[in-house]
Amino acid sequence: MPTRISLFNNSGEKLAEIDANVSRSWKLNEDGAGTFTMSTQDTKAIIDYLEFGNFVYMEHDKLPIWGGMIDTPRTWGVGTITSSIYSAEYVLKSHVTPNREDKFTGVPGSIFNKLTSQSFGTGSIPVIPGDIYGGGISQSITYNYAIIYDAVIDLAKKSGADWDLTPAIDPNGKLYFISNWYERKGVDRVFRLYEDLNIKLSTKPMVEQGEIANVVIGFGNGSSWTSKYVDGRLDAESVGRYGWRTKAVSIPTDSYSDLITAIDEQLLVLKNPRRTFDITALDVGDTFYNCRIGDVLPVDFYTIGFTGDSLGLSTNIKILQMAYNDIDNQLKIVCDEVV
């Protein structure tokens with residue numbers, strides 16, 4: 001199913017619609033990338049349309065809208081031009097906080113909004129606030145000519161929130177971006193993925209990896225070890241499978257109940273290896289409609305993983321990355337197991 005591609009200049013004014021072979025990717029809390037290829041004989045393969053800093057807006061009947069910037073590298077083949085494109089989040093790499101010292105105070109979503117919705121000057125696509133989650137701990141952060149993208153990445157990692165920039169068209173036909181800050185991006189879906197029905201496996205479809213810990217000792221804040229809250233939890237099933245494995249973690253809290261909650265959360269994540277998946281969704285039924293970044297879906301495998309003594313695995317996966325090109329009409333998915 002072909003993608004409809006529109007080109008815009010660096011101020012968001014529409015230039016043209018083109019036909020091209022296009023690929024692109026989506027990533028959770030990062031910028032995605034892709035390419036589109038045109039014939040040099042195409043009358044629209046001109047510098048005014050393909051200039052670095054121009055923008056693309058891509059529509060597909062079953063997949064999310066994708067928008068972003070044209071930038072280097074540009075590759076010339078025999079009779080072809082391949083342009084590189086980067087999703088909307090990429091524009092934040094070209095801008096820094098405006099002053100020698102900028103101090104932003106508030107919950108993470110408020111700081112994100114201040115970072116992304118400031119004016120980036122003439123010749124820039126407007127970025128306006130959209131869905132901004134207002135929870136989290138209030139804080140003050142000082143930035144010194146910080147790259148906006150790096151500041152947002154760091155803020156999201158420290159707060160545990162998700163973010164993105166999404167493309168949109170205003171009533172006058174101009175392109176702009178909407179900045180979103182989520183407590184958690186994505187939804188929990190009931191639509192199910194099945195091996196050899198609506199998904200196929202890559203050459204390495206699952207990797208079991210990461211640290212295993214089944215005895216977690218946590219300690220909270222305090223001026224001395226005698227004043228800190230300390231407690232621990234054990235998962236007997238994991239100990240029986242993998243042997244006794246202990247981990248001590250510092251948990252920044254003065255609350256004993258919060259300490260116990262955090263220890264339980266750590267144990268839930270660490271008691272078994274982390275399982276990651278590399279699969280391809282097929283254009284079968286409503287499969288593409290149900291695949292979005294951050295979404296959690298149930299999946300059934302019968303040739304990978306173990307359930308007890310048997311081959312096969314039923315679990316839930318969270319979509320972290322997607323990649324699609326029009327020629328293959330297949331959606332590559334990188335995902336983590338949700339415990």
# chains A, B, ... in the order shown; residues from 1 in each chain; ligands from 1
>>> residues_around(residues="segment 173-178 of chain A", least_positions_apart="6", cutoff="7 Å", atoms="only C-alpha atoms", output="PyMOL selection string")
chain A and resi 12-14+125-130+165-167
>>> select_by_dssp(residues="segment 302-335 of chain A", states="strand (DSSP E)", output="ChimeraX atom specification")
/A:302-307,310-325,330-335
>>> residues_around(residues="Ile217 of chain A", least_positions_apart="5", cutoff="7 Å", atoms="only C-alpha atoms", output="number ranges by chain")
A: 231-233, 247-249
>>> write_last_selection(atoms="N, CA and C atoms", output="compact mmCIF listing (two decimals), in the first residue's frame")
# COMPACT_ATOMS: atom_id res chain seq x y z
N ASP A 231 15.36 -3.04 53.94
CA ASP A 231 14.57 -4.27 53.93
C ASP A 231 14.91 -5.05 52.67
N GLY A 232 14.38 -6.25 52.58
CA GLY A 232 14.66 -7.10 51.42
C GLY A 232 13.49 -8.00 51.09
N ARG A 233 13.51 -8.51 49.88
CA ARG A 233 12.48 -9.43 49.40
C ARG A 233 13.15 -10.55 48.61
N LYS A 247 21.01 -8.68 45.06
CA LYS A 247 21.34 -7.34 44.56
C LYS A 247 20.92 -6.33 45.61
N ALA A 248 21.80 -5.37 45.91
CA ALA A 248 21.48 -4.27 46.82
C ALA A 248 21.27 -3.00 46.01
N VAL A 249 20.21 -2.27 46.30
CA VAL A 249 19.88 -1.08 45.52
C VAL A 249 19.60 0.09 46.45
>>> residues_around(residues="segment 284-293 of chain A", least_positions_apart="6", cutoff="7 Å", atoms="only C-alpha atoms", output="PDB file with C-alpha atoms, in the first residue's frame")
ATOM      1  CA  LYS A  27      11.281   4.833  18.029  1.00  0.00           C
ATOM      2  CA  LEU A  28      10.080   5.258  21.583  1.00  0.00           C
ATOM      3  CA  LYS A  62      -3.039   1.717   8.255  1.00  0.00           C
ATOM      4  CA  LEU A  63       0.070   3.204   9.878  1.00  0.00           C
ATOM      5  CA  GLY A 186       0.779   3.655  24.196  1.00  0.00           C
ATOM      6  CA  PHE A 191      -5.576  -7.662  19.625  1.00  0.00           C
ATOM      7  CA  ASN A 198       0.053 -12.171  11.399  1.00  0.00           C
ATOM      8  CA  ILE A 319       6.574  -2.002  20.986  1.00  0.00           C
ATOM      9  CA  LEU A 320       9.776   0.054  21.198  1.00  0.00           C
ATOM     10  CA  GLN A 321      10.628   0.500  17.515  1.00  0.00           C
TER      11      GLN A 321
END
>>> residues_around(residues="segment 220-229 of chain A", least_positions_apart="5", cutoff="9 Å", atoms="only C-alpha atoms", output="list in words")
Val249, Ser250, Ile251, Pro252, Thr253, Asp254, Ser255, Tyr256 and Leu259 of chain A
>>> closest_residue(among="A:Asn29, A:Thr97, A:Thr280, A:Ile46", to="Thr203 of chain A", atoms="only C-alpha atoms")
A:Thr280
>>> residues_around(residues="Gly135 of chain A", least_positions_apart="2", cutoff="8 Å", atoms="only C-alpha atoms", output="PyMOL selection string")
chain A and resi 107-109+133+137+183
>>> write_last_selection(atoms="N, CA and C atoms", output="CSV table (one decimal), in the first residue's frame")
chain,number,residue,atom,x,y,z
A,107,VAL,N,7.3,20.5,37.5
A,107,VAL,CA,7.3,19.0,37.3
A,107,VAL,C,7.9,18.7,35.9
A,108,PRO,N,8.3,17.5,35.6
A,108,PRO,CA,9.0,17.2,34.3
A,108,PRO,C,8.3,17.7,33.1
A,109,GLY,N,6.9,17.5,33.1
A,109,GLY,CA,6.1,17.9,31.9
A,109,GLY,C,6.2,19.4,31.7
A,133,TYR,N,1.6,15.5,30.3
A,133,TYR,CA,1.3,14.9,31.6
A,133,TYR,C,1.8,15.8,32.7
A,137,ILE,N,7.7,14.7,40.2
A,137,ILE,CA,8.2,15.5,41.3
A,137,ILE,C,8.7,16.8,40.8
A,183,GLU,N,2.8,10.2,30.7
A,183,GLU,CA,3.1,9.3,31.9
A,183,GLU,C,3.6,7.9,31.3
>>> atom_distance(atom1="atom CA of Arg245 of chain A", atom2="atom CA of Ala213 of chain A")
4.9 Å
>>> residues_around(residues="Gln41 of chain A", least_positions_apart="3", cutoff="12 Å", atoms="only C-alpha atoms", output="PyMOL selection string")
chain A and resi 37-38+44-46+78-81
>>> select_by_dssp(residues="segment 44-130 of chain A", states="helix (DSSP H, G or I)", output="list in words")
Ile47, Asp48, Tyr49, Leu50, Ala88, Glu89, Tyr90, Val91, Leu92, Lys93, Ser94, Pro108, Gly109, Ser110, Ile111, Phe112, Asn113, Lys114, Leu115 and Thr116 of chain A
>>> closest_residue(among="A:Ala88, A:Cys335, A:Asp326, A:Trp163", to="Asn113 of chain A", atoms="only C-alpha atoms")
A:Trp163
>>> atom_distance(atom1="atom CA of Val207 of chain A", atom2="atom CA of Leu268 of chain A")
18.7 Å
